[in-house]
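Colleague: As input, take input_7.cif (mmCIF, C-alpha atoms):
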data_data
loop_
_atom_site.label_atom_id
_atom_site.label_comp_id
_atom_site.auth_asym_id
_atom_site.auth_seq_id
_atom_site.Cartn_x
_atom_site.Cartn_y
_atom_site.Cartn_z
CA MET E 1 -1.83 134.75 70.82
CA ALA E 2 1.63 136.26 70.40
CA GLY E 3 4.76 134.13 70.32
CA ARG E 4 5.27 130.67 68.92
CA SER E 5 2.67 129.01 66.73
CA VAL E 6 1.91 125.65 65.17
CA VAL E 7 -0.03 125.37 61.91
CA VAL E 8 -2.67 122.63 61.81
CA VAL E 9 -4.15 121.72 58.43
CA ASP E 10 -7.73 120.45 58.69
CA PRO E 11 -7.81 120.16 62.51
CA PHE E 12 -10.72 117.73 62.53
CA SER E 13 -11.42 114.29 63.99
CA GLU E 14 -8.47 113.25 66.18
CA GLY E 15 -6.68 116.39 65.00
CA ARG E 16 -9.04 118.49 67.12
CA GLY E 17 -6.79 117.67 70.08
CA ILE E 18 -3.63 119.17 68.59
CA ALA E 19 -4.31 122.88 69.25
CA PRO E 20 -5.36 122.42 72.93
CA ALA E 21 -2.28 120.26 73.59
CA PHE E 22 0.07 122.92 72.21
CA ALA E 23 -1.86 125.67 74.01
CA ARG E 24 -1.07 123.97 77.32
CA ARG E 25 2.61 124.58 76.50
CA GLY E 26 2.08 128.22 75.52
CA VAL E 27 2.06 127.61 71.76
CA GLY E 28 -0.81 129.08 69.74
CA ALA E 29 -2.42 127.36 66.77
CA ILE E 30 -3.21 128.58 63.27
CA ALA E 31 -5.79 126.56 61.33
CA VAL E 32 -5.67 125.95 57.60
CA LEU E 33 -8.76 124.50 55.93
CA THR E 34 -8.30 122.73 52.60
CA ALA E 35 -11.98 123.41 51.85
CA GLY E 36 -14.20 126.28 52.90
CA ARG E 37 -15.85 124.14 55.54
CA PRO E 38 -15.41 120.62 56.91
CA SER E 39 -17.58 117.80 55.60
CA PRO E 40 -20.82 117.28 57.55
CA TRP E 41 -19.52 114.23 59.40
CA LEU E 42 -16.35 116.08 60.49
CA ALA E 43 -18.03 119.40 61.28
CA PRO E 44 -18.84 118.48 64.93
CA THR E 45 -15.10 118.12 65.60
CA TRP E 46 -14.17 121.55 64.24
CA ASN E 47 -13.38 124.04 67.04
CA PRO E 48 -12.38 127.39 65.44
CA ASP E 49 -12.01 129.05 68.85
CA ASP E 50 -8.94 126.86 69.51
CA HIS E 51 -7.07 128.75 66.76
CA HIS E 52 -6.02 132.40 66.74
CA GLU E 53 -6.09 132.52 62.93
CA VAL E 54 -8.05 130.53 60.35
CA HIS E 55 -7.05 130.42 56.68
CA VAL E 56 -8.73 128.69 53.74
CA LEU E 57 -6.30 127.18 51.26
CA HIS E 58 -6.48 128.63 47.74
CA ASP E 59 -2.88 129.09 46.62
CA LEU E 60 -0.11 127.12 48.35
CA ASP E 61 2.72 129.58 47.65
CA GLU E 62 0.66 132.58 48.73
CA LEU E 63 -0.47 130.89 51.92
CA ALA E 64 3.05 129.67 52.71
CA ALA E 65 4.28 133.27 52.52
CA LYS E 66 1.57 134.41 54.97
CA LEU E 67 2.30 131.60 57.39
CA ALA E 68 6.08 132.04 57.21
CA VAL E 69 5.72 135.45 58.86
CA HIS E 70 4.76 133.60 62.05
CA ASP E 71 7.83 131.35 61.84
CA PRO E 72 5.75 128.33 62.96
CA ILE E 73 7.51 125.58 64.85
CA ALA E 74 5.70 123.02 62.64
CA VAL E 75 3.03 122.51 60.02
CA VAL E 76 1.07 119.35 60.79
CA ALA E 77 -2.02 117.55 59.50
CA GLY E 78 -5.08 117.12 61.66
CA ALA E 79 -7.06 114.82 59.35
CA GLU E 80 -6.38 112.72 56.26
CA SER E 81 -7.68 115.49 54.00
CA GLY E 82 -4.92 117.78 55.26
CA VAL E 83 -1.91 115.47 54.92
CA GLU E 84 -0.72 116.41 51.44
CA ALA E 85 -1.21 120.16 51.97
CA ALA E 86 0.50 120.05 55.38
CA GLU E 87 3.56 118.31 53.98
CA THR E 88 3.78 120.70 51.02
CA LEU E 89 3.33 123.81 53.16
CA SER E 90 5.90 122.53 55.62
CA GLU E 91 8.48 122.12 52.86
CA LEU E 92 7.75 125.59 51.50
CA ILE E 93 8.13 127.21 54.92
CA ALA E 94 10.81 125.09 56.58
CA PRO E 95 12.31 122.38 54.36
CA GLY E 96 13.24 119.14 56.10
CA ARG E 97 10.72 119.30 58.93
CA SER E 98 8.18 117.00 57.32
CA ASN E 99 8.24 113.90 55.08
CA VAL E 100 9.68 113.13 51.64
CA LEU E 101 7.39 114.94 49.21
CA ARG E 102 8.22 112.85 46.13
CA LEU E 103 6.82 109.82 47.97
CA SER E 104 3.59 111.46 49.12
CA SER E 105 1.45 109.15 46.95
CA ALA E 106 3.09 106.15 48.64
CA ARG E 107 1.51 107.33 51.88
CA SER E 108 -2.03 107.74 50.53
CA ASP E 109 -2.53 105.36 47.58
CA LYS E 110 -2.50 101.65 48.40
CA TRP E 111 -1.09 100.71 44.99
CA GLN E 112 1.77 103.19 45.36
CA MET E 113 2.49 101.86 48.86
CA GLY E 114 3.23 98.46 47.35
CA VAL E 115 5.29 100.03 44.57
CA ALA E 116 7.43 101.87 47.14
CA LEU E 117 7.98 98.71 49.16
CA ARG E 118 8.96 96.75 46.07
CA ALA E 119 11.46 99.47 45.10
CA ALA E 120 13.00 99.29 48.59
CA ASP E 121 13.01 95.47 48.59
CA VAL E 122 10.60 95.32 51.54
CA PRO E 123 8.29 92.24 51.65
CA HIS E 124 4.85 93.12 50.31
CA LEU E 125 1.69 91.60 48.87
CA ARG E 126 1.55 90.79 45.17
CA GLN E 127 -0.78 93.25 43.47
CA ILE E 128 -2.00 94.87 40.28
CA SER E 129 -3.90 98.12 39.68
CA SER E 130 -6.13 98.12 36.61
CA ASP E 131 -9.41 99.20 35.05
CA ARG E 132 -9.47 96.18 32.69
CA VAL E 133 -10.67 92.69 33.58
CA ASP E 134 -8.57 91.07 30.85
CA GLU E 135 -5.41 92.61 32.30
CA VAL E 136 -6.31 91.34 35.78
CA ALA E 137 -7.12 87.86 34.43
CA ALA E 138 -3.72 87.69 32.74
CA TRP E 139 -2.01 88.79 35.96
CA LEU E 140 -3.82 86.14 38.01
CA ARG E 141 -2.63 83.47 35.56
CA ARG E 142 0.91 84.80 35.58
CA GLU E 143 1.08 84.91 39.39
CA GLY E 144 -0.54 81.49 39.83
CA LEU E 145 -3.46 82.99 41.78
CA GLU E 146 -6.31 81.64 39.67
CA ASN E 147 -7.02 78.95 42.27
CA SER E 148 -6.41 81.12 45.33
CA PRO E 149 -8.59 83.68 47.08
CA PHE E 150 -7.71 87.30 46.36
CA VAL E 151 -8.94 90.78 47.28
CA LEU E 152 -10.43 93.54 45.16
CA LYS E 153 -10.41 97.00 46.74
CA SER E 154 -10.35 100.75 46.30
CA GLN E 155 -6.85 102.23 46.17
CA ASN E 156 -7.61 105.14 48.48
CA CYS E 157 -10.34 104.23 50.93
CA GLY E 158 -10.10 103.43 54.64
CA GLY E 159 -12.14 101.46 57.16
CA ALA E 160 -12.21 98.33 54.95
CA GLY E 161 -14.59 100.09 52.58
CA ASP E 162 -14.82 98.68 49.04
CA VAL E 163 -12.89 95.55 50.03
CA LEU E 164 -14.26 92.32 48.53
CA VAL E 165 -12.91 88.76 48.52
CA ALA E 166 -13.05 86.56 45.43
CA GLU E 167 -12.93 82.82 46.08
CA PRO E 168 -11.31 80.27 43.75
CA GLY E 169 -13.58 79.42 40.85
CA GLU E 170 -15.88 82.38 41.52
CA ASP E 171 -16.70 84.87 38.78
CA TRP E 172 -14.88 87.84 40.26
CA ARG E 173 -15.67 90.21 37.38
CA ALA E 174 -18.94 91.43 38.92
CA LYS E 175 -17.04 92.41 42.07
CA PHE E 176 -14.42 94.15 39.96
CA HIS E 177 -17.12 96.26 38.31
CA HIS E 178 -18.78 96.91 41.68
CA VAL E 179 -15.61 98.62 42.92
CA LEU E 180 -14.64 100.28 39.62
CA GLY E 181 -16.28 103.67 39.16
CA ARG E 182 -17.85 103.73 42.61
CA VAL E 183 -17.49 106.86 44.76
CA ASN E 184 -15.92 105.60 47.97
CA GLU E 185 -16.19 106.76 51.60
CA ARG E 186 -13.52 109.41 50.99
CA ASN E 187 -15.66 110.84 48.19
CA VAL E 188 -13.14 109.72 45.56
CA ARG E 189 -14.18 107.82 42.43
CA ASN E 190 -12.47 104.47 42.00
CA ASP E 191 -10.87 104.91 38.58
CA LYS E 192 -8.98 101.65 39.01
CA VAL E 193 -9.30 98.54 41.15
CA LEU E 194 -6.47 97.27 43.31
CA VAL E 195 -6.25 93.47 43.19
CA GLN E 196 -4.05 91.73 45.79
CA GLU E 197 -3.33 88.27 47.04
CA LEU E 198 -5.32 87.62 50.22
CA ALA E 199 -3.22 88.11 53.36
CA VAL E 200 -4.11 85.53 56.01
CA GLY E 201 -2.97 85.89 59.60
CA THR E 202 -3.34 88.29 62.52
CA GLU E 203 -3.73 91.99 61.81
CA TYR E 204 -2.04 94.68 63.87
CA GLU E 205 -1.97 98.46 63.83
CA VAL E 206 1.36 100.03 64.73
CA ASP E 207 1.14 103.68 65.77
CA THR E 208 4.44 105.51 65.41
CA TYR E 209 6.03 108.89 65.85
CA SER E 210 9.14 109.75 63.84
CA ILE E 211 11.81 112.39 64.42
CA ASP E 212 14.27 113.02 61.59
CA GLY E 213 13.90 109.45 60.38
CA ASP E 214 14.17 107.88 63.83
CA HIS E 215 10.94 105.91 64.31
CA GLY E 216 9.46 105.44 67.79
CA LEU E 217 6.58 103.19 68.81
CA VAL E 218 3.57 104.89 70.42
CA ALA E 219 1.31 101.81 70.64
CA VAL E 220 0.70 98.45 68.98
CA TRP E 221 -2.86 97.17 68.63
CA ARG E 222 -4.09 93.70 67.75
CA TYR E 223 -7.29 93.58 65.72
CA ALA E 224 -9.82 90.80 65.84
CA LYS E 225 -11.95 90.80 62.70
CA GLU E 226 -14.27 88.41 60.97
CA ARG E 227 -15.38 87.89 57.43
CA ARG E 228 -19.02 87.96 56.36
CA GLY E 229 -19.53 86.47 52.91
CA ASP E 230 -17.25 88.34 50.53
CA ARG E 231 -16.71 91.26 52.91
CA LEU E 232 -13.55 91.62 54.97
CA GLY E 233 -13.13 93.88 57.94
CA ILE E 234 -16.01 93.22 60.32
CA TYR E 235 -14.29 94.64 63.41
CA LEU E 236 -14.69 92.64 66.63
CA SER E 237 -12.12 94.21 68.93
CA ASN E 238 -8.93 96.23 69.16
CA THR E 239 -6.48 95.34 71.96
CA LEU E 240 -3.36 97.12 73.21
CA VAL E 241 -0.39 94.75 72.96
CA GLU E 242 2.17 94.57 75.78
CA SER E 243 5.36 96.24 74.54
CA GLY E 244 7.40 93.22 75.63
CA ASP E 245 5.42 90.80 73.47
CA PRO E 246 7.77 89.18 70.92
CA VAL E 247 5.47 90.18 68.05
CA VAL E 248 6.15 93.85 68.85
CA GLY E 249 9.82 93.38 67.98
CA VAL E 250 8.91 91.71 64.67
CA LEU E 251 6.44 94.45 63.83
CA SER E 252 8.82 97.22 64.88
CA ASP E 253 11.57 96.01 62.55
CA TYR E 254 9.20 95.63 59.61
CA VAL E 255 7.36 98.92 60.15
CA ARG E 256 10.62 100.85 60.29
CA GLU E 257 11.39 99.49 56.81
CA VAL E 258 7.91 100.50 55.63
CA LEU E 259 8.26 104.02 57.03
CA ASP E 260 11.65 104.47 55.35
CA ALA E 261 10.35 103.09 52.05
CA THR E 262 7.35 105.43 52.01
CA GLY E 263 9.33 108.52 53.02
CA VAL E 264 8.06 109.08 56.57
CA ARG E 265 10.63 111.11 58.49
CA ASN E 266 8.73 113.32 60.93
CA GLY E 267 5.45 113.09 62.78
CA PRO E 268 2.78 110.49 63.39
CA ALA E 269 1.87 107.50 61.25
CA HIS E 270 -0.28 104.43 61.67
CA VAL E 271 0.58 101.23 59.85
CA ALA E 272 -1.74 98.25 59.39
CA VAL E 273 0.21 95.01 59.10
CA MET E 274 -0.88 91.40 58.67
CA VAL E 275 1.47 88.91 60.30
CA THR E 276 1.26 85.93 57.94
CA PRO E 277 3.07 82.57 58.01
CA ALA E 278 5.53 84.14 55.54
CA GLY E 279 6.10 87.16 57.79
CA PRO E 280 4.65 90.67 58.11
CA ARG E 281 2.93 92.21 55.10
CA LEU E 282 1.73 95.79 54.78
CA ILE E 283 -2.01 96.39 54.47
CA GLU E 284 -1.81 100.19 54.47
CA ILE E 285 -0.07 103.21 55.98
CA GLY E 286 -1.40 106.65 56.89
CA ALA E 287 0.99 109.54 57.58
CA ARG E 288 -1.18 111.18 60.20
CA LEU E 289 -2.65 110.63 63.64
CA ALA E 290 -4.36 107.28 64.13
CA GLY E 291 -8.13 107.72 64.19
CA ALA E 292 -11.06 105.78 65.66
CA GLU E 293 -10.36 107.26 69.13
CA GLN E 294 -6.84 105.73 69.13
CA GLN E 295 -5.41 108.86 70.78
CA HIS E 296 -7.77 108.39 73.73
CA LEU E 297 -7.11 104.65 73.88
CA ALA E 298 -3.34 105.07 73.82
CA LEU E 299 -3.51 107.65 76.61
CA LEU E 300 -5.54 105.20 78.71
CA GLY E 301 -3.13 102.37 78.11
CA THR E 302 0.29 104.03 78.09
CA GLY E 303 -0.13 107.53 79.51
CA GLU E 304 0.82 109.14 76.20
CA ASN E 305 -0.24 109.25 72.56
CA GLN E 306 0.86 110.63 69.21
CA ILE E 307 -0.28 114.14 70.12
CA THR E 308 1.77 114.25 73.33
CA ARG E 309 4.74 112.93 71.36
CA MET E 310 4.19 115.68 68.77
CA VAL E 311 4.21 118.38 71.44
CA ARG E 312 7.40 117.07 73.06
CA HIS E 313 9.08 116.79 69.66
CA ARG E 314 8.17 120.25 68.44
CA VAL E 315 8.43 122.12 71.76
CA ASP E 316 11.12 120.21 73.69
CA GLY E 317 13.15 118.60 70.91
CA ASP E 318 12.36 115.17 72.37
CA SER E 319 13.73 111.97 70.85
CA ALA E 320 11.86 108.90 69.61
CA ARG E 321 11.03 106.25 72.17
CA ARG E 322 9.14 103.01 72.83
CA TYR E 323 5.89 102.81 74.78
CA SER E 324 5.14 100.98 78.02
CA ARG E 325 1.70 99.54 78.79
CA ARG E 326 0.23 100.73 82.11
CA GLN E 327 -3.11 98.95 81.88
CA HIS E 328 -5.04 96.63 79.60
CA VAL E 329 -7.17 98.43 77.01
CA LYS E 330 -9.68 96.98 74.58
CA SER E 331 -12.21 98.54 72.27
CA VAL E 332 -15.09 96.13 71.63
CA TYR E 333 -17.10 96.64 68.44
CA VAL E 334 -20.80 95.79 68.27
CA SER E 335 -22.30 94.45 65.03
CA SER E 336 -25.77 94.02 63.60
CA PRO E 337 -26.50 90.84 61.59
CA ALA E 338 -29.17 92.61 59.52
CA ALA E 339 -30.65 95.98 58.64
CA GLY E 340 -33.86 96.96 60.38
CA GLU E 341 -35.33 98.21 63.63
CA LEU E 342 -33.19 97.62 66.72
CA GLY E 343 -34.75 95.90 69.72
CA ASN E 344 -33.68 94.48 73.09
CA SER E 345 -30.92 97.07 73.37
CA VAL E 346 -31.91 98.82 76.61
CA ARG E 347 -28.73 97.58 78.30
CA PHE E 348 -26.71 99.83 75.99
CA GLY E 349 -27.65 102.60 78.40
CA GLU E 350 -26.52 100.64 81.47
CA LEU E 351 -22.96 99.76 80.48
CA ALA E 352 -21.28 102.05 83.01
CA SER E 353 -22.91 100.17 85.88
CA LEU E 354 -22.58 96.71 84.28
CA LEU E 355 -18.89 96.83 83.40
CA PRO E 356 -16.26 97.61 86.08
CA SER E 357 -13.67 98.35 83.37
CA TYR E 358 -16.01 100.62 81.39
CA GLN E 359 -14.47 103.89 80.17
CA SER E 360 -16.74 105.13 77.40
CA ASP E 361 -18.82 104.04 74.45
CA ALA E 362 -19.75 105.24 71.01
CA LEU E 363 -23.06 103.44 70.58
CA ALA E 364 -25.24 105.91 68.75
CA TYR E 365 -28.20 103.56 68.28
CA ARG E 366 -30.89 102.98 70.88
CA GLU E 367 -34.12 100.99 71.18
CA GLY E 368 -36.24 101.45 68.07
CA SER E 369 -33.45 102.94 65.94
CA MET E 370 -33.10 101.87 62.33
CA VAL E 371 -29.69 100.22 61.97
CA PRO E 372 -27.64 99.00 58.98
CA ARG E 373 -26.31 95.49 58.57
CA THR E 374 -22.67 95.53 59.67
CA ASP E 375 -20.43 94.89 56.67
CA ASP E 376 -17.42 97.05 57.58
CA LEU E 377 -16.19 99.63 60.07
CA TRP E 378 -18.53 102.30 58.71
CA THR E 379 -21.63 100.18 59.40
CA SER E 380 -20.64 98.98 62.88
CA LEU E 381 -23.15 99.86 65.60
CA GLY E 382 -20.29 101.40 67.55
CA SER E 383 -17.79 100.39 70.20
CA VAL E 384 -17.26 100.12 73.95
CA VAL E 385 -13.92 101.11 75.48
CA LEU E 386 -12.67 99.04 78.42
CA ALA E 387 -9.53 99.66 80.48
CA THR E 388 -8.24 98.07 83.70
CA THR E 389 -5.12 96.65 85.33
CA ASP E 390 -7.04 93.39 85.87
CA ALA E 391 -6.84 91.25 82.71
CA ASP E 392 -9.45 88.78 83.97
CA GLN E 393 -11.94 91.58 84.69
CA LEU E 394 -11.41 92.90 81.19
CA GLU E 395 -12.35 89.55 79.66
CA ARG E 396 -15.40 89.21 81.92
CA ASP E 397 -16.60 92.60 80.74
CA VAL E 398 -16.00 91.67 77.11
CA ALA E 399 -18.21 88.61 77.69
CA VAL E 400 -21.02 90.84 79.00
CA VAL E 401 -20.83 93.06 75.91
CA ARG E 402 -21.01 89.97 73.69
CA GLU E 403 -24.00 88.69 75.66
CA ILE E 404 -25.82 91.98 75.04
CA GLU E 405 -24.86 91.90 71.37
CA ALA E 406 -26.12 88.31 70.97
CA GLY E 407 -29.47 89.33 72.45
CA LEU E 408 -30.08 92.21 70.04
CA ILE E 409 -33.17 91.83 67.87
CA VAL E 410 -33.22 93.47 64.44
CA VAL E 411 -36.45 93.21 62.44
#
Using the file provided, produce a representation of the structure as structure tokens.
Modeller:
Amino acid sequence: MAGRSVVVVDPFSEGRGIAPAFARRGVGAIAVLTAGRPSPWLAPTWNPDDHHEVHVLHDLDELAAKLAVHDPIAVVAGAESGVEAAETLSELIAPGRSNVLRLSSARSDKWQMGVALRAADVPHLRQISSDRVDEVAAWLRREGLENSPFVLKSQNCGGAGDVLVAEPGEDWRAKFHHVLGRVNERNVRNDKVLVQELAVGTEYEVDTYSIDGDHGLVAVWRYAKERRGDRLGIYLSNTLVESGDPVVGVLSDYVREVLDATGVRNGPAHVAVMVTPAGPRLIEIGARLAGAEQQHLALLGTGENQITRMVRHRVDGDSARRYSRRQHVKSVYVSSPAAGELGNSVRFGELASLLPSYQSDALAYREGSMVPRTDDLWTSLGSVVLATTDADQLERDVAVVREIEAGLIVV
């Protein structure tokens, strides 16, 4: 396609929607792959035909020179694996159109996120990163956390993977060694363990889109989660919050500080925040599109999402803005209490007729499937998306999903 182009680095997962959205505005897409091929679990989302050129990254400077010939209107990341390369390429081709490069680790490494917030005097969780139990023990004593619950986690893993809770008086060293050295869900070895005070409160995800340091809200989501034993992050539901809710103002002010502290200036980000009795505290930030079908959910609830904001920014020079909820949206997660063979799940196939607010589902398991015990997002049985202007109907449909879930038999 002749004319304007956008470069998309690793256009997988939610990023698969970027090229078609720009194409609708007459802008072609060039794909850059940071590896020769996407990982097996991302491969189904890779659509090479949406891109008029495909490059595999070998040398950043060489590739930047090739791409600069096209004078792209932007270089953007499609998936987490493409964030660092997209920001670096963007600075090589058109400085100032992306984020602050010297703070890139503060947008990908949970320890560095806290370091950046501390440097900017933004409230954050107390934490230490270490590969030594004696160093952690000394820190716990120094911070007065020996008799408080705390969290041990991977520094660079999402979906609540490798997140364990240590209770007061418990021998936490075994959990420390469980995380240390393990290859996490992002295929990265945990060379150190991040230890943090446990944040207690209500968790939110704030999806943003920034333009030259002006941060707009795309959607705010309230998570309901539960804890199972020493595992955090058993997802129950994800609900779109009305933009006029007072908590949105609190979150907006705090998240703007987080974005500034971590060097986000342009493009999408999603920020997980726990609202505690002491105020908001950062859980993590990602400088890319929100995943887990958030683009679809936001479109259902507000009529726009981070991709539509990206197109208006890069094509029309649009300004940052706040969202407005058009209908109630909730994603309901289904869990399994044990690993084994799934039974009494035939109603999974009848949800469209059972639920007036039904939009879609991602329930891959059916009667007779072997299922894992749900310990985190990765081991959830899937989710059901509900959307309606009738709040009462939404809750009635949630109750039906929970009734089906309670009747599941796993042996």
Colleague: Specify as a compact mmCIF listing (two decimals) with C-alpha atoms, keeping the file's coordinate frame each residue included when the PyMOL selection byres ((chain E and resi 222-233) around 8) is applied to this file.
Modeller:
# COMPACT_ATOMS: atom_id res chain seq x y z
CA GLY E 159 -12.14 101.46 57.16
CA ALA E 160 -12.21 98.33 54.95
CA VAL E 163 -12.89 95.55 50.03
CA LEU E 164 -14.26 92.32 48.53
CA VAL E 165 -12.91 88.76 48.52
CA ALA E 166 -13.05 86.56 45.43
CA THR E 202 -3.34 88.29 62.52
CA GLU E 203 -3.73 91.99 61.81
CA TYR E 204 -2.04 94.68 63.87
CA GLU E 205 -1.97 98.46 63.83
CA VAL E 220 0.70 98.45 68.98
CA TRP E 221 -2.86 97.17 68.63
CA ILE E 234 -16.01 93.22 60.32
CA TYR E 235 -14.29 94.64 63.41
CA LEU E 236 -14.69 92.64 66.63
CA SER E 237 -12.12 94.21 68.93
CA ASN E 238 -8.93 96.23 69.16
CA THR E 239 -6.48 95.34 71.96
CA LEU E 240 -3.36 97.12 73.21
CA VAL E 241 -0.39 94.75 72.96
CA ASP E 375 -20.43 94.89 56.67
CA ASP E 376 -17.42 97.05 57.58
CA LEU E 377 -16.19 99.63 60.07
Colleague: Here's the selection I'm unsure about, the PyMOL selection byres ((chain E and resi 348) around 9); applied to the file above, which residues does it give, as an MDAnalysis selection string?
Modeller: chainID E and resid 345:347 349:351 363 365:367 401 404
Colleague: The PyMOL selection byres ((chain E and resi 252) around 10) - which residues does that actually catch in the file I just gave you? List them as a list of chain:residue names.
Modeller: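 After applying the PyMOL selection byres ((chain E and resi 252) around 10), what remains is E:Val206, E:Thr208, E:His215, E:Gly216, E:Leu217, E:Val220, E:Val247, E:Val248, E:Gly249, E:Val250, E:Leu251, E:Asp253, E:Tyr254, E:Val255, E:Arg256, E:Glu257, E:Val258, E:Arg322.
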Colleague: Within 9 Å of segment 310-321 of chain E, counting all atoms listed in the file, which residues qualify if same-chain residues fewer than 6 places away don't, as a ChimeraX atom specification?
Modeller: /E:6,18,21-22,25,27,73-74,209-211,214-218,267-268
Colleague: Give, as AutoDock Vina command-line options, the centre coordinates and the x, y and z edge lengths in Å to one decimal for an axis-aligned box around all listed atoms of segment 7-21 of chain E, padded by 3 Å on each side.
Modeller:
--center_x -5.7 --center_y 119.3 --center_z 66.0 --size_x 17.4 --size_y 18.1 --size_z 21.2
Colleague: Report, in Å with one decimal, the straight-line distance from atom CA of Pro48 of chain E to atom CA of Ala287 of chain E.
Modeller: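 Atom CA of Ala287 of chain E lies at a distance of 23.6 Å from atom CA of Pro48 of chain E.
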Colleague: Can you pull out every residue within 10 Å of segment 383-387 of chain E, counting only C-alpha atoms, but drop anything in the same chain fewer than 5 positions away, and send it as a ChimeraX atom specification?
Modeller: /E:235-240,292-293,296-297,300-301,326-335,348,351,355-364,393-395,397-398,401
Colleague: Measure the distance from atom CA of Ala35 of chain E to atom CA of Asp49 of chain E in Å and round it to one decimal.
Modeller: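 These two atoms are separated by 17.9 Å.
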Colleague: Calculated over all atoms listed in the file, which of the candidates E:Val183, E:Leu282, E:Ala219, E:Leu194 has the smallest distance to Leu299 of chain E?
Modeller: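 Going through E:Val183, E:Leu282, E:Ala219, E:Leu194 one by one, the smallest distance to Leu299 of chain E is for E:Ala219.
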Colleague: Smallest atom-to-atom distance to Ala94 of chain E: which of E:Leu152, E:Gly244, E:Gly343, E:Ala68, using all atoms listed in the file?
Modeller: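 Closest to Ala94 of chain E of all the choices is E:Ala68.
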Colleague: Using only C-alpha atoms, which of E:Met113, E:Leu381, E:Ala29, E:Val179 sits nearest Lys192 of chain E?
Modeller: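 Result for the nearest residue to Lys192 of chain E: E:Val179.
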Colleague: Set the distance at 12 Å and use all atoms listed in the file: which residues neighbour Leu145 of chain E once local chain neighbours fewer than 3 positions away are removed? I'd like the list as a list in words.
Modeller: Arg126, Gln127, Val136, Ala137, Ala138, Trp139, Leu140, Arg141, Arg142, Ser148, Pro149, Phe150, Val151, Ala166, Glu167, Pro168, Gly169, Val195, Gln196, Glu197 and Leu198 of chain E
Colleague: Write out as a PDB file with C-alpha atoms, in the coordinates of the input each polymer residue whose atoms come within 10 Å of Leu42 of chain E, counting all atoms listed in the file; drop sequence neighbours fewer than 5 positions from it.
Modeller:
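part_25.pdb was written with the following content:
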ATOM      1  CA  ASP E  10      -7.730 120.450  58.690  1.00  0.00           C
ATOM      2  CA  PRO E  11      -7.810 120.160  62.510  1.00  0.00           C
ATOM      3  CA  PHE E  12     -10.720 117.730  62.530  1.00  0.00           C
ATOM      4  CA  SER E  13     -11.420 114.290  63.990  1.00  0.00           C
ATOM      5  CA  ARG E  37     -15.850 124.140  55.540  1.00  0.00           C
ATOM      6  CA  ALA E  79      -7.060 114.820  59.350  1.00  0.00           C
TER       7      ALA E  79
END
Colleague: So how far away is atom CA of Ala31 of chain E from atom CA of Val75 of chain E, in Å?
Modeller: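 Computed distance, atom CA of Val75 of chain E to atom CA of Ala31 of chain E, equals 9.8 Å.
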Colleague: Could you name the residues that touch Ser90 of chain E at 12 Å or less, counting all atoms listed in the file, but leaving out those on the same chain fewer than 5 positions away, as a ChimeraX atom specification?
Modeller: /E:6-9,60-61,63-65,67-68,71-77,82-85,95-101,266-267
Colleague: With C-alpha atoms retained, could you export that selection as a PDB file, in the frame of the given file?
Modeller:
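Generated file (out.pdb):
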ATOM      1  CA  VAL E   6       1.910 125.650  65.170  1.00  0.00           C
ATOM      2  CA  VAL E   7      -0.030 125.370  61.910  1.00  0.00           C
ATOM      3  CA  VAL E   8      -2.670 122.630  61.810  1.00  0.00           C
ATOM      4  CA  VAL E   9      -4.150 121.720  58.430  1.00  0.00           C
ATOM      5  CA  LEU E  60      -0.110 127.120  48.350  1.00  0.00           C
ATOM      6  CA  ASP E  61       2.720 129.580  47.650  1.00  0.00           C
ATOM      7  CA  LEU E  63      -0.470 130.890  51.920  1.00  0.00           C
ATOM      8  CA  ALA E  64       3.050 129.670  52.710  1.00  0.00           C
ATOM      9  CA  ALA E  65       4.280 133.270  52.520  1.00  0.00           C
ATOM     10  CA  LEU E  67       2.300 131.600  57.390  1.00  0.00           C
ATOM     11  CA  ALA E  68       6.080 132.040  57.210  1.00  0.00           C
ATOM     12  CA  ASP E  71       7.830 131.350  61.840  1.00  0.00           C
ATOM     13  CA  PRO E  72       5.750 128.330  62.960  1.00  0.00           C
ATOM     14  CA  ILE E  73       7.510 125.580  64.850  1.00  0.00           C
ATOM     15  CA  ALA E  74       5.700 123.020  62.640  1.00  0.00           C
ATOM     16  CA  VAL E  75       3.030 122.510  60.020  1.00  0.00           C
ATOM     17  CA  VAL E  76       1.070 119.350  60.790  1.00  0.00           C
ATOM     18  CA  ALA E  77      -2.020 117.550  59.500  1.00  0.00           C
ATOM     19  CA  GLY E  82      -4.920 117.780  55.260  1.00  0.00           C
ATOM     20  CA  VAL E  83      -1.910 115.470  54.920  1.00  0.00           C
ATOM     21  CA  GLU E  84      -0.720 116.410  51.440  1.00  0.00           C
ATOM     22  CA  ALA E  85      -1.210 120.160  51.970  1.00  0.00           C
ATOM     23  CA  PRO E  95      12.310 122.380  54.360  1.00  0.00           C
ATOM     24  CA  GLY E  96      13.240 119.140  56.100  1.00  0.00           C
ATOM     25  CA  ARG E  97      10.720 119.300  58.930  1.00  0.00           C
ATOM     26  CA  SER E  98       8.180 117.000  57.320  1.00  0.00           C
ATOM     27  CA  ASN E  99       8.240 113.900  55.080  1.00  0.00           C
ATOM     28  CA  VAL E 100       9.680 113.130  51.640  1.00  0.00           C
ATOM     29  CA  LEU E 101       7.390 114.940  49.210  1.00  0.00           C
ATOM     30  CA  ASN E 266       8.730 113.320  60.930  1.00  0.00           C
ATOM     31  CA  GLY E 267       5.450 113.090  62.780  1.00  0.00           C
TER      32      GLY E 267
END
Colleague: Looking at all atoms listed in the file, which of E:His70, E:Val400, E:Pro123, E:Ser5 is the one that sits closest to Ser353 of chain E?
Modeller: E:Val400
